[in-house]
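Written below as structure tokens is the structure these notes are about.
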Amino acid sequence: MAYIEPAPIKDRDNPFESMMSRFQIAAEHLGLDQEVYDVLKTPAKQVIVSLPVTMDNGSIKVFEGYRVIHSTILGPSKGGVRYDMDVNIDEVKALAAWMTWKCAVVDIPYGGAKGGIKCNPRQMSAGEVERLTRAFTQAMHDVFGKDRDIPAPDMGTGPREMAWMMDQYSRNQGMTVNSVVTGKPIVLGGSLGREEATGRGVMISALAAMEKQKINPFKATCAIQGFGNVGSWAAQLLEERGVNIVAISDLSGAYYNAEGINIKKAMEYRNGNNGSLEGFSEVEKIDPEELLLLEVDVLVPAAIEDVITQANADKIKAKMIVEGANGPTSARADAILNEKGILAVPDILANAGGVTVSYFEWVQNRLGYGWTRERVSRRSDRIMKTAFDKVYTTAQEYNVSMRIAAYIVAIDKVAKTYKYRGGF
Ligand code: NAD
């Protein structure tokens, strides 16, 4: 069952290869058929589009956009769209497959997809981002659909972009189709609780892992890399449950306070400072790499891929890692962390709170009826806790890490469903 990824290996780990190497280990534990293995290792569809957009100065700039549908075996494909200069097809392929596994781990009826546009939204005006978003939605008109493929926010996108996508898609249909996109503003049919959902799932996973390791949250310390949607909500919700957040970071740098950072203040500061923590007071600025190596109970990487690698894994002193970001730990770092006895709650479990509430948003849109925030939180907490327990039990049953266990749970579900549905 050897897998050879044809893409060139660059200086950093290739995220698609990282994903495939875990997939392969889990497939071997499950004794997966070669036929099913072959189906699941390749994305079902890959679309690359060129998007000519008029910039504010009148010039036309051509952007590249991607949508990869990894699988529709469990249902319509679901996955975010990221706006970032580093987006590339390999990354999008890896993220699409991750979505398949993530939806299967939390047991929601979706397949996996991901999209992205190579751009720097921070250097673009709102009008330019809007035209780019509409051009992308137009180009993906045959791909997206409430029963086909449902986009959501990811890095660099949020409710604003989702509103434009929903509107553009609806204009083409000649009617409002709000269930085609999730992560929308509440007035457009967004779900209460969606904004904080991923961070909330990280919090539930971290508390569940602390319970297993007999760590009292009121005595625990935590460092969080990335202070965007996932990182800042995880920070706030963990802080509310007694955890001392001693370090946070964003693109502007890393900030440390041994006594604990006031997260509400940090969020307010960031919101009034163009989204950046630069200049935040009552903290000491530290080397961003140092944040990952702090002696804390919980480390939450919630920014980008491949930050815990072969190069720094042996220097990590956290007792556990709860992965808010997708793919923050490279496959080569897994073995080092396992050897050191560091519990890693993997991305496809820990950050699945977002897609869970996205699913609730889709259900509410289709029902034409909105749930309260309490109902959304209660139901998503239950799904996250059930998934955590299932993965934890599977890890013990197969004597593997929680990461491999999560893949086992997910692949088993997708493979069994595929067996019933069949190929051609
Ligand atoms: P975001 O754009 O809201 O925030 C990203 C944060 O990371 C920002 O604070 C940014 O400054 C920071 N950052 C970027 N590069 C960094 C670096 N090198 N060092 C330190 N900080 C850095 O994005 P987000 O929605 O919070 O997503 C973060 C991660 O979580 C991504 O991997 C994304 O795929 C994943 N994720 C997001 C969701 C969601 O619902 N938003 C769901 C599941 C997974």
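Chain labels run A, B, ... following the order of the structure tokens; each chain numbers its residues from 1, and ligands are numbered from 1 in the order shown.
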
task = Please write out the residues within 7 Å of ligand 1 as JSON, numbers by chain, counting only C-alpha atoms and all ligand atoms.
result = {"A": [153, 154, 155, 156, 157, 197, 198, 225, 226, 227, 228, 229, 230, 231, 249, 250, 251, 252, 253, 276, 288, 302, 303, 304, 305, 324, 325, 326, 327, 351, 352, 354, 355]}

ask   = Quick one: residues within 7 Å of stretch 86-98 of chain A, only C-alpha atoms counted, chain neighbours fewer than 4 positions away excluded, as a list of chain:residue names?
value = A:Pro15, A:Phe16, A:Met19, A:Tyr66, A:Val68, A:Ile69, A:His70, A:Gly79, A:Lys102, A:Gly112, A:Ala113, A:Lys114, A:Gly115, A:Gly116, A:Ile117, A:Lys118, A:Ile348

Selected residues written out, N, CA, C and O atoms, as a compact mmCIF listing (two decimals), in the first residue's frame:
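And here is the file that came out, again.txt:
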# COMPACT_ATOMS: atom_id res chain seq x y z
N PRO A 15 2.08 19.46 3.27
CA PRO A 15 0.93 19.12 4.09
C PRO A 15 0.13 17.94 3.56
O PRO A 15 -0.43 17.16 4.32
N PHE A 16 0.09 17.79 2.23
CA PHE A 16 -0.66 16.66 1.67
C PHE A 16 0.03 15.35 2.04
O PHE A 16 -0.62 14.37 2.42
N MET A 19 -0.64 14.50 5.66
CA MET A 19 -1.96 13.91 5.82
C MET A 19 -1.95 12.46 5.34
O MET A 19 -2.43 11.56 6.02
N TYR A 66 -8.88 28.23 -6.09
CA TYR A 66 -8.92 26.77 -6.09
C TYR A 66 -10.15 26.27 -5.34
O TYR A 66 -10.57 26.85 -4.35
N VAL A 68 -11.11 22.20 -4.16
CA VAL A 68 -10.87 20.76 -4.25
C VAL A 68 -11.96 20.05 -3.46
O VAL A 68 -12.19 20.36 -2.29
N ILE A 69 -12.63 19.12 -4.13
CA ILE A 69 -13.62 18.28 -3.45
C ILE A 69 -12.97 16.93 -3.25
O ILE A 69 -12.67 16.23 -4.23
N HIS A 70 -12.72 16.61 -2.01
CA HIS A 70 -12.02 15.33 -1.76
C HIS A 70 -12.99 14.17 -1.82
O HIS A 70 -12.71 13.15 -2.44
N GLY A 79 -16.46 22.72 3.28
CA GLY A 79 -15.12 23.17 3.64
C GLY A 79 -14.93 24.65 3.38
O GLY A 79 -15.60 25.23 2.53
N LYS A 102 -12.62 15.04 9.18
CA LYS A 102 -13.17 15.81 10.29
C LYS A 102 -14.69 15.60 10.41
O LYS A 102 -15.21 15.37 11.49
N GLY A 112 -15.89 16.13 2.22
CA GLY A 112 -14.89 17.17 2.49
C GLY A 112 -14.46 17.94 1.26
O GLY A 112 -14.33 17.38 0.17
N ALA A 113 -14.27 19.25 1.43
CA ALA A 113 -13.77 20.11 0.35
C ALA A 113 -12.96 21.24 0.96
O ALA A 113 -12.96 21.43 2.19
N LYS A 114 -12.27 21.96 0.15
CA LYS A 114 -11.58 23.18 0.61
C LYS A 114 -11.36 24.07 -0.59
O LYS A 114 -11.27 23.59 -1.73
N GLY A 115 -11.25 25.37 -0.34
CA GLY A 115 -10.98 26.30 -1.43
C GLY A 115 -10.02 27.36 -0.97
O GLY A 115 -9.73 27.49 0.22
N GLY A 116 -9.52 28.10 -1.92
CA GLY A 116 -8.62 29.18 -1.55
C GLY A 116 -8.37 30.11 -2.71
O GLY A 116 -8.56 29.75 -3.87
N ILE A 117 -7.97 31.32 -2.39
CA ILE A 117 -7.54 32.28 -3.41
C ILE A 117 -6.19 32.82 -2.96
O ILE A 117 -6.01 33.21 -1.80
N LYS A 118 -5.24 32.79 -3.90
CA LYS A 118 -3.92 33.34 -3.61
C LYS A 118 -4.02 34.86 -3.64
O LYS A 118 -4.09 35.46 -4.71
N ILE A 348 -8.28 17.20 13.26
CA ILE A 348 -9.56 16.72 12.71
C ILE A 348 -10.58 16.44 13.81
O ILE A 348 -11.76 16.30 13.53

request  = Would you work out the distance separating atom CA of A:Lys385 from atom CA of A:Leu188, expressed in Å to one decimal?
outcome  =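 The value is 29.4 Å.
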
ask   = At what distance in Å, to one decimal, does atom CA of A:Lys41 lie from atom CA of A:Met20?
value =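 For atom CA of A:Met20 relative to atom CA of A:Lys41, the distance reads 7.4 Å.
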
request  = Going by DSSP on the backbone, which bits of stretch 98-167 of chain A are alpha helix (DSSP H)? Write them as a VMD selection string, please.
outcome  = chain A and resid 98 to 105 126 to 139 159 to 167

message = So that I can check the surroundings of A:Tyr392, please list as a PyMOL selection string every protein, DNA and RNA residue that reaches within 10 Å of it, counting only C-alpha atoms and ignoring chain neighbours fewer than 2 positions away.
response = chain A and resi 208-209+212+345+386-390+394-397+400-403+405-406

query = Taking into account only C-alpha atoms, which residue in the set A:Ile383, A:Leu367, A:Ala344, A:Val106 is nearest to A:Ile404?
reply =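 Looking at the shortest contact to A:Ile404, the residue is A:Ala344.
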
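For A:Gly368, the list of residues within 12 Å, based on only C-alpha atoms and with local chain neighbours fewer than 4 positions off taken out, reads A:Val177, A:Asn178, A:Ser179, A:Leu188, A:Gly189, A:Gly190, A:Ser191, A:Phe360, A:Glu361, A:Trp362, A:Val363, A:Gln364.
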
task = Figure out the distance between atom CA of A:Ala235 and atom CA of A:Glu161, please, to one decimal in Å.
result = 24.6 Å

request  = Using only C-alpha atoms, pick whichever of A:Met384, A:Arg171, A:Ala350, A:Ser77 has the shortest atom-to-atom distance to A:Val143.
outcome  =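 The closest residue to A:Val143 is A:Ser77.
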
ask   = Hey, which of A:Arg366, A:Lys416, A:Lys265, A:Lys340 ends up closest to A:Met320? Count only C-alpha atoms.
value = A:Lys340

key: Polymer residues at most 9 Å from A:Arg200, only C-alpha atoms, same-chain spacing of 6 or more positions, as a list in words   =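 That gives Val230, Trp233, Ala234, Leu237, Leu238, Asn351, Gly353, Gly354, Ser377, Ser380 and Asp381 of chain A.
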
Residues flagged strand (DSSP E) by DSSP in stretch 255-364 of chain A, as a list in words = Tyr255, Tyr256, Glu284, Lys285, Ile286, Val298, Leu299, Val300, Pro301, Met320, Ile321, Val322, Leu343, Ala344 and Val345 of chain A

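Of the listed residues (A:Thr372, A:Ser281, A:Ser358, A:Gln168), A:Ser358 comes nearest to A:Gly183; the distances count only C-alpha atoms.
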
Nearby residues (only C-alpha atoms) at most 12 Å from A:Gly31, same-chain spacing under 4 positions excluded, as a PDB file with all heavy atoms, in the first residue's frame:
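Final output, part-v9.pdb:
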ATOM      1  N   MET A   1       0.827  -1.201   0.000  1.00  0.00           N
ATOM      2  CA  MET A   1       0.000   0.000   0.000  1.00  0.00           C
ATOM      3  C   MET A   1       0.869   1.261   0.000  1.00  0.00           C
ATOM      4  O   MET A   1       0.559   2.232   0.680  1.00  0.00           O
ATOM      5  CB  MET A   1      -0.845   0.010   1.264  1.00  0.00           C
ATOM      6  CG  MET A   1      -2.298  -0.184   1.006  1.00  0.00           C
ATOM      7  SD  MET A   1      -3.159   0.319   2.456  1.00  0.00           S
ATOM      8  CE  MET A   1      -4.225  -1.057   2.653  1.00  0.00           C
ATOM      9  N   PHE A  23      -2.903   8.859   7.144  1.00  0.00           N
ATOM     10  CA  PHE A  23      -3.968   8.087   6.508  1.00  0.00           C
ATOM     11  C   PHE A  23      -3.499   6.649   6.282  1.00  0.00           C
ATOM     12  O   PHE A  23      -4.208   5.684   6.559  1.00  0.00           O
ATOM     13  CB  PHE A  23      -4.314   8.764   5.179  1.00  0.00           C
ATOM     14  CG  PHE A  23      -5.270   8.004   4.305  1.00  0.00           C
ATOM     15  CD1 PHE A  23      -6.626   8.029   4.564  1.00  0.00           C
ATOM     16  CD2 PHE A  23      -4.820   7.275   3.222  1.00  0.00           C
ATOM     17  CE1 PHE A  23      -7.517   7.339   3.755  1.00  0.00           C
ATOM     18  CE2 PHE A  23      -5.695   6.581   2.411  1.00  0.00           C
ATOM     19  CZ  PHE A  23      -7.047   6.610   2.676  1.00  0.00           C
ATOM     20  N   GLN A  24      -2.251   6.540   5.797  1.00  0.00           N
ATOM     21  CA  GLN A  24      -1.717   5.222   5.486  1.00  0.00           C
ATOM     22  C   GLN A  24      -1.572   4.353   6.730  1.00  0.00           C
ATOM     23  O   GLN A  24      -1.920   3.170   6.723  1.00  0.00           O
ATOM     24  CB  GLN A  24      -0.366   5.388   4.804  1.00  0.00           C
ATOM     25  CG  GLN A  24       0.065   4.139   4.089  1.00  0.00           C
ATOM     26  CD  GLN A  24       1.292   4.380   3.253  1.00  0.00           C
ATOM     27  OE1 GLN A  24       1.481   5.464   2.719  1.00  0.00           O
ATOM     28  NE2 GLN A  24       2.133   3.388   3.155  1.00  0.00           N
ATOM     29  N   ILE A  25      -1.093   4.970   7.829  1.00  0.00           N
ATOM     30  CA  ILE A  25      -0.936   4.202   9.076  1.00  0.00           C
ATOM     31  C   ILE A  25      -2.304   3.711   9.550  1.00  0.00           C
ATOM     32  O   ILE A  25      -2.478   2.542   9.900  1.00  0.00           O
ATOM     33  CB  ILE A  25      -0.260   5.061  10.177  1.00  0.00           C
ATOM     34  CG1 ILE A  25       1.144   5.470   9.741  1.00  0.00           C
ATOM     35  CG2 ILE A  25      -0.202   4.302  11.503  1.00  0.00           C
ATOM     36  CD1 ILE A  25       1.788   6.527  10.645  1.00  0.00           C
ATOM     37  N   ALA A  26      -3.281   4.623   9.533  1.00  0.00           N
ATOM     38  CA  ALA A  26      -4.623   4.255   9.993  1.00  0.00           C
ATOM     39  C   ALA A  26      -5.214   3.175   9.088  1.00  0.00           C
ATOM     40  O   ALA A  26      -5.839   2.216   9.574  1.00  0.00           O
ATOM     41  CB  ALA A  26      -5.525   5.486  10.019  1.00  0.00           C
ATOM     42  N   ALA A  27      -5.000   3.310   7.782  1.00  0.00           N
ATOM     43  CA  ALA A  27      -5.527   2.325   6.833  1.00  0.00           C
ATOM     44  C   ALA A  27      -4.940   0.945   7.120  1.00  0.00           C
ATOM     45  O   ALA A  27      -5.639  -0.073   7.045  1.00  0.00           O
ATOM     46  CB  ALA A  27      -5.205   2.765   5.406  1.00  0.00           C
ATOM     47  N   GLU A  35      -8.885  -1.281  -2.840  1.00  0.00           N
ATOM     48  CA  GLU A  35      -9.851  -0.549  -3.675  1.00  0.00           C
ATOM     49  C   GLU A  35     -10.340   0.712  -2.940  1.00  0.00           C
ATOM     50  O   GLU A  35     -10.348   1.810  -3.493  1.00  0.00           O
ATOM     51  CB  GLU A  35     -11.033  -1.491  -3.956  1.00  0.00           C
ATOM     52  CG  GLU A  35     -12.151  -0.893  -4.759  1.00  0.00           C
ATOM     53  CD  GLU A  35     -13.464  -1.666  -4.558  1.00  0.00           C
ATOM     54  OE1 GLU A  35     -13.412  -2.855  -4.138  1.00  0.00           O
ATOM     55  OE2 GLU A  35     -14.517  -1.091  -4.796  1.00  0.00           O
ATOM     56  N   VAL A  36     -10.715   0.540  -1.679  1.00  0.00           N
ATOM     57  CA  VAL A  36     -11.230   1.672  -0.909  1.00  0.00           C
ATOM     58  C   VAL A  36     -10.094   2.665  -0.643  1.00  0.00           C
ATOM     59  O   VAL A  36     -10.274   3.884  -0.728  1.00  0.00           O
ATOM     60  CB  VAL A  36     -11.851   1.171   0.424  1.00  0.00           C
ATOM     61  CG1 VAL A  36     -12.395   2.338   1.222  1.00  0.00           C
ATOM     62  CG2 VAL A  36     -12.932   0.149   0.151  1.00  0.00           C
ATOM     63  N   TYR A  37      -8.926   2.133  -0.370  1.00  0.00           N
ATOM     64  CA  TYR A  37      -7.752   2.984  -0.151  1.00  0.00           C
ATOM     65  C   TYR A  37      -7.520   3.879  -1.374  1.00  0.00           C
ATOM     66  O   TYR A  37      -7.310   5.085  -1.249  1.00  0.00           O
ATOM     67  CB  TYR A  37      -6.526   2.098   0.112  1.00  0.00           C
ATOM     68  CG  TYR A  37      -5.240   2.868   0.306  1.00  0.00           C
ATOM     69  CD1 TYR A  37      -4.904   3.380   1.553  1.00  0.00           C
ATOM     70  CD2 TYR A  37      -4.376   3.082  -0.765  1.00  0.00           C
ATOM     71  CE1 TYR A  37      -3.734   4.088   1.729  1.00  0.00           C
ATOM     72  CE2 TYR A  37      -3.206   3.798  -0.595  1.00  0.00           C
ATOM     73  CZ  TYR A  37      -2.880   4.294   0.653  1.00  0.00           C
ATOM     74  OH  TYR A  37      -1.726   5.004   0.820  1.00  0.00           O
ATOM     75  N   ILE A 408      -8.536   6.525  12.212  1.00  0.00           N
ATOM     76  CA  ILE A 408      -9.172   5.197  12.177  1.00  0.00           C
ATOM     77  C   ILE A 408     -10.691   5.347  12.245  1.00  0.00           C
ATOM     78  O   ILE A 408     -11.427   4.764  11.436  1.00  0.00           O
ATOM     79  CB  ILE A 408      -8.632   4.310  13.335  1.00  0.00           C
ATOM     80  CG1 ILE A 408      -7.169   3.925  13.057  1.00  0.00           C
ATOM     81  CG2 ILE A 408      -9.505   3.068  13.527  1.00  0.00           C
ATOM     82  CD1 ILE A 408      -6.495   3.132  14.179  1.00  0.00           C
ATOM     83  N   ILE A 411     -11.852   7.046   8.807  1.00  0.00           N
ATOM     84  CA  ILE A 411     -11.700   6.226   7.597  1.00  0.00           C
ATOM     85  C   ILE A 411     -12.649   5.029   7.665  1.00  0.00           C
ATOM     86  O   ILE A 411     -13.251   4.640   6.665  1.00  0.00           O
ATOM     87  CB  ILE A 411     -10.227   5.789   7.427  1.00  0.00           C
ATOM     88  CG1 ILE A 411      -9.364   7.025   7.138  1.00  0.00           C
ATOM     89  CG2 ILE A 411     -10.072   4.768   6.302  1.00  0.00           C
ATOM     90  CD1 ILE A 411      -7.879   6.793   7.227  1.00  0.00           C
ATOM     91  N   ASP A 412     -12.804   4.476   8.853  1.00  0.00           N
ATOM     92  CA  ASP A 412     -13.704   3.330   9.017  1.00  0.00           C
ATOM     93  C   ASP A 412     -15.129   3.709   8.592  1.00  0.00           C
ATOM     94  O   ASP A 412     -15.793   2.984   7.857  1.00  0.00           O
ATOM     95  CB  ASP A 412     -13.669   2.893  10.494  1.00  0.00           C
ATOM     96  CG  ASP A 412     -14.398   1.587  10.702  1.00  0.00           C
ATOM     97  OD1 ASP A 412     -14.239   0.688   9.858  1.00  0.00           O
ATOM     98  OD2 ASP A 412     -15.135   1.468  11.701  1.00  0.00           O
ATOM     99  N   ALA A 415     -15.201   4.424   4.755  1.00  0.00           N
ATOM    100  CA  ALA A 415     -15.009   3.174   4.006  1.00  0.00           C
ATOM    101  C   ALA A 415     -16.266   2.308   4.071  1.00  0.00           C
ATOM    102  O   ALA A 415     -16.696   1.753   3.047  1.00  0.00           O
ATOM    103  CB  ALA A 415     -13.807   2.413   4.566  1.00  0.00           C
TER     104      ALA A 415
END

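For the set A:Leu277, A:Leu294, A:Cys119, A:Ile60, the residue with the smallest atom-to-atom gap to A:Ala258 is A:Leu294, counting only C-alpha atoms.
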
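Residues lying within 10 Å of A:Gln138, counting only C-alpha atoms and ignoring same-chain neighbours fewer than 2 positions away, are A:Leu51, A:Leu132, A:Thr133, A:Arg134, A:Ala135, A:Phe136, A:Met140, A:His141, A:Asp142, A:Val143, A:Phe144, A:Met165, A:Gln168, A:Tyr169, A:Arg171, A:Asn172.
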
ask   = Smallest atom-to-atom distance to A:Val322: which of A:Val181, A:Val202, A:Met99, A:Lys219, using only C-alpha atoms?
value = A:Val202
